[in-house]
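Worksheet: one structure, shown below.
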Amino acid sequence: MDSPSDDVAQYVYSFIGGPQLTARPTELGGPVTIRHLPLKGAPDYLSVRAIDRSGRSSTTTTYHFRVKSGRAPVAHWTLADAPGSTTAAAETGPGAGAGSGVTFGASAPRGTSLASAASLDGSSHAFLTPDAPAVDTGKTFAVSAWARPAQTDRNMAVAGQDAGDSTAFELGLRTRDEGPLWSFTVGGTRITGGAPETGEWAHLLGLYDKETGQAQLYVNGQEVGTRAEATPSATSGAFQIGRSRNGDGYRDRWHGELGGVRAYDRVVVPDEAAELAHRKPTSLGHWSLETATDGVSPEQSGKAPLTLGPGATIHRGPDGSCLPELDPDCPAVPYALVGDGHLELDGEAGYAATEGPVVDTSDSFTLGVVVRLTDAEPAHPMTVLSQAGEHTDVFKVRYDPAVHSWQLVMPLRDEAGAPEVVVSQIEAADGGEGQGHRLAVVYDDATDRIKLYLDGHTNAGATASFPDGLHSSGALQIGRAKAGDGWGEFLHGDVDEVQAYAGALRDDDIGGLGWGTDPCRC
């Protein structure tokens with residue numbers, strides 16, 4: 001920024017959508033250079049005003065420019081090579097030779113673009129290397145990978161780069177007395193965070209920003225730990241996958257699966273980190289509840305149907321054959337909640353259920369439903385969705401009139417009377433009026449969080465930590481919950497648009513549930 005005026009004391013500037021900032025020249029009337037990191041590829045502009053010693057302002061000058069998408073990684077190994085391969089082919093950069101402790105063809109993380117992964121046996125032969133540097137550690141760099149440890153009781157390296165007889169950086173797993181942690185080590189600085197679990201995939205990304213001099217760590221798309229000043233070694237040796245340099249040899253051999261290893265010569269911004277870690281959910285079922293034949297309501301794509309119990313019926317909206325406002329003999333038929341029909345439950349014995357479990361509750365899952373309560377003042381709690389384990393419901397979504405709230409209830413153990421984690425959203429009962437509410441529940445195993453959404457929104461009271469999802473063997477229940485050896489909490493109301501997914505839908509997709517479509521095109 002510069003001005004022909006010789007008494008400029010400061011420049012006031014802003015980028016599109018950003019705050020107004022101030023930069024001062026080292027000498028009165030002199031120019032100023034600023035450094036700026038765009039966070040997305042999009043049109044942008046820089047607007048600047050010069051301010052003199054008297055506080056007088058110049059007119060605003062605006063410079064328009066477009067930020068390109070970030071450069072592709074300088075090295076990228078999917079590790080999805082054919083079984084029996086001795087080299088990992090590179091999407092970019094050189095191929096990586098594999099030791100005899102590496103086996104290709106292992107299962108990849110679900111919901112990613114990876115077709116398969118590499119399995120490393122933890123021995124001295126469990127490694128891959130291109131025998132060349134992947135990044136210049138004297139500049140900005142980042143490294144990322146999918147990792148699934150077969151054990152968490154010892155230190156293990158996912159990826160790193162040699163620096164003489166030590167390592168310039170290492171992305172991996174560290175053990176501590178309080179439990180294992182993911183880590184990113186740059187020089188003498190180590191950032192830790194997240195909780196590795198045996199047999200569970202996680203996406204890791206370590207970043208060193210030369211501009212700020214700081215290192216940071218992302219686990220499953222979320223920044224963890226605390227950014228810290230770091231000084232990496234400027235000596236660049238060979239890039240390593242599955243081991244870390246130590247003196248004349250290597251240590252911290254990886255035992256487990258690895259996939260999608262990438263190295264960058266730039267900053268990977270937060271939205272990119274989240275996208276790299278995203279696992280696209282898979283649709284498990286969509287029950288529109290428009291019709292039922294012989295007490296069975298079909299799933300849209302022919303998957304497991306819902307069987308209606310006694311006290312459950314399909315209500316059909318008006319068919320357009322007559323108009324009550326024109327024909328006094330035409331019956332007034334209420335519209336369905338969504339589409340042409342919905343499920344009516346009598347609150348006494350009515351329910352619908354699949355033959356077996358729908359969602360794997362030990363892994364990430366999402367459920368959506370549209371529900372309207374018939375009573376304005378329900379006499380007892382009523383459950384709209386549940387799925388049981390051996391002894392209790394592993395989750396249930398219910399309305400509790402005592403606190404005027406919809407709740408997601410998940411026990412910590414599969415046993416009667418076990419402690420429960422409850423998240424809730426306050427909402428008055430419908431009393432049979434309106435178009436009901438769109439509820440959604442999400443369990444994200446990667447972040448160990450549960451969320452309850454009401455009409456597309458969640459809040460602090462509707463989200464909680466939940467470290468380990470329980471296995472369930474029971475069928476998906478609509479309109480009732482497990483009660484001792486039988487059933488209870490029967491729902492008196494209307495239900496529509498039941499949708500189930502393997503995986504955690506993102507916040508932006510939740511608002512699309514309950515409208516008759518698949519919001520994430522899963």
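Naming scheme: A, B, ... for chains in displayed order of the structure tokens; residues 1 onward per chain; ligands 1 onward as shown.
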Which neighbours of Trp254 (chain A) fall inside 6 Å, counting only C-alpha atoms, when residues of the same chain fewer than 5 positions from it are skipped, and could you give them as a compact mmCIF listing (two decimals) with C-alpha atoms, in the first residue's frame?
# COMPACT_ATOMS: atom_id res chain seq x y z
CA GLY A 122 4.72 -53.32 12.92
CA MET A 156 4.00 -45.35 16.27
CA ALA A 157 4.80 -43.14 13.28
CA GLY A 242 5.26 -46.06 8.90
Next on the checklist: Residues of region 198-293 of chain A classed as strand (DSSP E or B) by DSSP on the backbone are to be reported as number ranges by chain.
Outcome noted: A: 202-209, 214-219, 222-229, 239-241, 244-246, 249-251, 255-264, 282-287, 293
Checklist entry - CA of Asp496 (chain A) and CA of Val422 (chain A) are how many Å apart? => result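 Atom-to-atom, CA of Asp496 (chain A) to CA of Val422 (chain A), that is 23.8 Å.
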Please identify all polymer residues within 12 Å of Gly486 (chain A), counting only C-alpha atoms, omitting same-chain residues fewer than 5 positions from it, and present them as a short mmCIF file (atom, residue, chain, number, x, y, z; two decimals) with all heavy atoms, in the first residue's frame.
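Printed below is selection03.cif as written:
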data_model
loop_
_atom_site.label_atom_id
_atom_site.label_comp_id
_atom_site.auth_asym_id
_atom_site.auth_seq_id
_atom_site.Cartn_x
_atom_site.Cartn_y
_atom_site.Cartn_z
N ALA A 349 -51.05 -48.76 21.65
CA ALA A 349 -50.31 -49.95 21.23
C ALA A 349 -49.70 -49.78 19.85
O ALA A 349 -49.03 -50.68 19.34
CB ALA A 349 -51.23 -51.18 21.23
N ALA A 388 -32.85 -51.12 20.18
CA ALA A 388 -32.44 -51.71 21.44
C ALA A 388 -31.22 -52.61 21.31
O ALA A 388 -30.95 -53.17 20.24
CB ALA A 388 -33.60 -52.52 22.04
N HIS A 391 -30.49 -55.46 26.56
CA HIS A 391 -31.19 -55.21 27.82
C HIS A 391 -31.91 -53.87 27.88
O HIS A 391 -32.77 -53.67 28.73
CB HIS A 391 -30.18 -55.29 28.99
CG HIS A 391 -29.41 -56.57 29.01
ND1 HIS A 391 -29.98 -57.78 29.35
CD2 HIS A 391 -28.10 -56.83 28.72
CE1 HIS A 391 -29.06 -58.73 29.29
NE2 HIS A 391 -27.92 -58.19 28.90
N THR A 392 -31.56 -52.95 27.00
CA THR A 392 -32.18 -51.64 27.03
C THR A 392 -32.04 -50.98 25.66
O THR A 392 -31.31 -51.50 24.80
CB THR A 392 -31.55 -50.74 28.11
OG1 THR A 392 -32.32 -49.56 28.27
CG2 THR A 392 -30.11 -50.35 27.75
N ASP A 393 -32.74 -49.89 25.46
CA ASP A 393 -32.58 -49.15 24.21
C ASP A 393 -31.18 -48.54 24.16
O ASP A 393 -30.75 -47.87 25.09
CB ASP A 393 -33.61 -48.03 24.11
CG ASP A 393 -35.01 -48.55 23.82
OD1 ASP A 393 -35.14 -49.44 22.97
OD2 ASP A 393 -35.97 -48.06 24.45
N ARG A 480 -42.38 -46.41 19.87
CA ARG A 480 -42.35 -47.07 21.18
C ARG A 480 -40.91 -47.30 21.62
O ARG A 480 -39.97 -47.22 20.82
CB ARG A 480 -43.10 -48.40 21.15
CG ARG A 480 -42.46 -49.48 20.28
CD ARG A 480 -43.25 -50.77 20.32
NE ARG A 480 -42.60 -51.85 19.56
CZ ARG A 480 -43.06 -53.10 19.49
NH1 ARG A 480 -44.19 -53.43 20.13
NH2 ARG A 480 -42.41 -54.01 18.79
N ALA A 481 -40.74 -47.58 22.93
CA ALA A 481 -39.42 -47.82 23.51
C ALA A 481 -39.47 -49.07 24.38
O ALA A 481 -40.54 -49.50 24.82
CB ALA A 481 -38.99 -46.62 24.36
#
Checklist entry - Near region 132-137 of chain A, counting only C-alpha atoms, which residues have an atom at most 7 Å away, once you skip same-chain residues fewer than 2 positions from it, shown as a VMD selection string? => result chain A and resid 74 to 75 130 139 to 141 161 232 to 234 236 to 239 263 to 265
Within 7 Å of Glu377 (chain A), counting only C-alpha atoms, which residues show up once you throw out same-chain ones fewer than 2 positions away? Write them as a PDB file with N, CA and C atoms, in the first residue's frame, please.
ATOM      1  N   ASP A 375     -51.495 -34.598  21.292  1.00  0.00           N
ATOM      2  CA  ASP A 375     -51.927 -33.955  22.533  1.00  0.00           C
ATOM      3  C   ASP A 375     -51.161 -32.673  22.791  1.00  0.00           C
ATOM      4  N   ALA A 379     -49.537 -36.917  28.720  1.00  0.00           N
ATOM      5  CA  ALA A 379     -49.551 -37.369  30.109  1.00  0.00           C
ATOM      6  C   ALA A 379     -48.266 -38.078  30.516  1.00  0.00           C
ATOM      7  N   ALA A 429     -45.577 -29.086  23.018  1.00  0.00           N
ATOM      8  CA  ALA A 429     -46.262 -30.145  22.292  1.00  0.00           C
ATOM      9  C   ALA A 429     -47.189 -29.535  21.242  1.00  0.00           C
TER      10      ALA A 429
END
Next on the checklist: Need to verify the contact set: Ser297 (chain A), 12 Å, only C-alpha atoms, exclusion of same-chain residues closer than 6 positions in sequence. Can you return it as a list of chain:residue names?
Outcome noted: A:His286, A:Trp287, A:Ser288, A:Leu289, A:Glu290, A:Thr291, A:Lys303, A:Ala304, A:Pro305, A:Leu306, A:Thr307, A:Leu308, A:Gly309, A:Ala312, A:Thr313, A:Ile314, A:His315, A:Gly341, A:His342, A:Leu343, A:Ala352, A:Ala353, A:Thr354, A:Asp496, A:Glu497, A:Val498
Checklist entry - Nearest to His76 (chain A) among A:Ala96, A:Val261, A:Met382, A:Ala159, with distances taken over only C-alpha atoms: which residue is it? => result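 For His76 (chain A), the nearest of the given residues is A:Val261.
The residue set within 7 Å of region 191-201 of chain A, counting only C-alpha atoms and dropping same-chain residues fewer than 6 places from it, reads A:Pro109, A:Trp146, A:Ala147, A:Arg148, A:Pro149, A:Ala150, A:Gln151, A:Thr152, A:Pro180, A:Leu181, A:Trp182, A:Ser183, A:Phe184, A:Thr185, A:Gln216, A:Leu217, A:Val219, A:Val224, A:Gly225, A:Thr226.
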Take the residues just selected and output them with C-alpha atoms as a PDB file, in the first residue's frame.
ATOM      1  CA  PRO A 109     -12.200 -46.066   5.529  1.00  0.00           C
ATOM      2  CA  TRP A 146      -5.807 -41.890   7.096  1.00  0.00           C
ATOM      3  CA  ALA A 147      -4.666 -44.162   9.935  1.00  0.00           C
ATOM      4  CA  ARG A 148      -6.173 -47.133  11.766  1.00  0.00           C
ATOM      5  CA  PRO A 149      -3.949 -48.467  14.573  1.00  0.00           C
ATOM      6  CA  ALA A 150      -3.997 -52.166  15.427  1.00  0.00           C
ATOM      7  CA  GLN A 151      -2.717 -51.235  18.885  1.00  0.00           C
ATOM      8  CA  THR A 152      -2.404 -48.038  20.914  1.00  0.00           C
ATOM      9  CA  PRO A 180      -2.729 -42.569  23.779  1.00  0.00           C
ATOM     10  CA  LEU A 181      -2.826 -39.335  21.789  1.00  0.00           C
ATOM     11  CA  TRP A 182      -2.339 -38.364  18.154  1.00  0.00           C
ATOM     12  CA  SER A 183       0.721 -36.176  17.707  1.00  0.00           C
ATOM     13  CA  PHE A 184       2.623 -33.942  15.318  1.00  0.00           C
ATOM     14  CA  THR A 185       6.280 -33.321  16.148  1.00  0.00           C
ATOM     15  CA  GLN A 216      -0.668 -27.340  14.445  1.00  0.00           C
ATOM     16  CA  LEU A 217      -2.515 -30.651  14.315  1.00  0.00           C
ATOM     17  CA  VAL A 219      -7.687 -34.877  13.815  1.00  0.00           C
ATOM     18  CA  VAL A 224      -6.722 -30.289  18.364  1.00  0.00           C
ATOM     19  CA  GLY A 225      -4.085 -29.413  20.941  1.00  0.00           C
ATOM     20  CA  THR A 226      -2.528 -25.959  21.064  1.00  0.00           C
TER      21      THR A 226
END
Next on the checklist: Calculated over only C-alpha atoms, which of the candidates A:Asp340, A:Glu275, A:Glu178, A:Asp252 has the smallest distance to Gln222 (chain A)?
Outcome noted: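 Closest candidate: A:Glu275.
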Item to check | Residue among A:Arg110, A:Arg174, A:Lys210, A:Arg53 lying closest to Thr231 (chain A), counting only C-alpha atoms | outcome: A:Lys210
Next on the checklist: Would you compute the distance between CA of Leu491 (chain A) and CA of Glu299 (chain A)? Give it in Å to one decimal.
Outcome noted: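 Computing the Euclidean distance for CA of Leu491 (chain A) and CA of Glu299 (chain A) yields 21.3 Å.
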Next on the checklist: So that I can check the secondary structure, give me every residue of region 199-362 of chain A assigned alpha helix (DSSP H) by backbone DSSP, as a ChimeraX atom specification.
Outcome noted: /A:270-277
I need the residues from that last selection saved to file as an mmCIF file, in the first residue's frame (with C-alpha atoms), if you can.
data_model
loop_
_atom_site.group_PDB
_atom_site.id
_atom_site.type_symbol
_atom_site.label_atom_id
_atom_site.label_comp_id
_atom_site.auth_asym_id
_atom_site.auth_seq_id
_atom_site.Cartn_x
_atom_site.Cartn_y
_atom_site.Cartn_z
ATOM 1 C CA PRO A 270 -9.372 -25.338 7.905
ATOM 2 C CA ASP A 271 -12.115 -25.986 5.341
ATOM 3 C CA GLU A 272 -9.709 -28.144 3.331
ATOM 4 C CA ALA A 273 -8.721 -30.091 6.439
ATOM 5 C CA ALA A 274 -12.388 -30.763 7.167
ATOM 6 C CA GLU A 275 -13.072 -31.834 3.586
ATOM 7 C CA LEU A 276 -10.077 -34.203 3.506
ATOM 8 C CA ALA A 277 -11.416 -35.881 6.661
#
Item to check | Of the listed residues A:Gly516, A:Pro43, A:Gly213, A:Trp406, that which approaches Ser69 (chain A) most closely, counting only C-alpha atoms | outcome: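 Distance minimum relative to Ser69 (chain A) lands on A:Pro43.
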Quick one: contact table of region 272-342 of chain A to region 434-444 of chain A, 9 Å max, nearest atom pair and distance in Å to one decimal per residue, counting only C-alpha atoms, chain and number order, as a Markdown table?
| residue | atom | partner | partner_atom | distance |
| --- | --- | --- | --- | --- |
| A:Ala336 | CA | A:Gln435 | CA | 8.4 |
| A:Leu337 | CA | A:Gln435 | CA | 5.5 |
| A:Val338 | CA | A:Gln435 | CA | 8.2 |
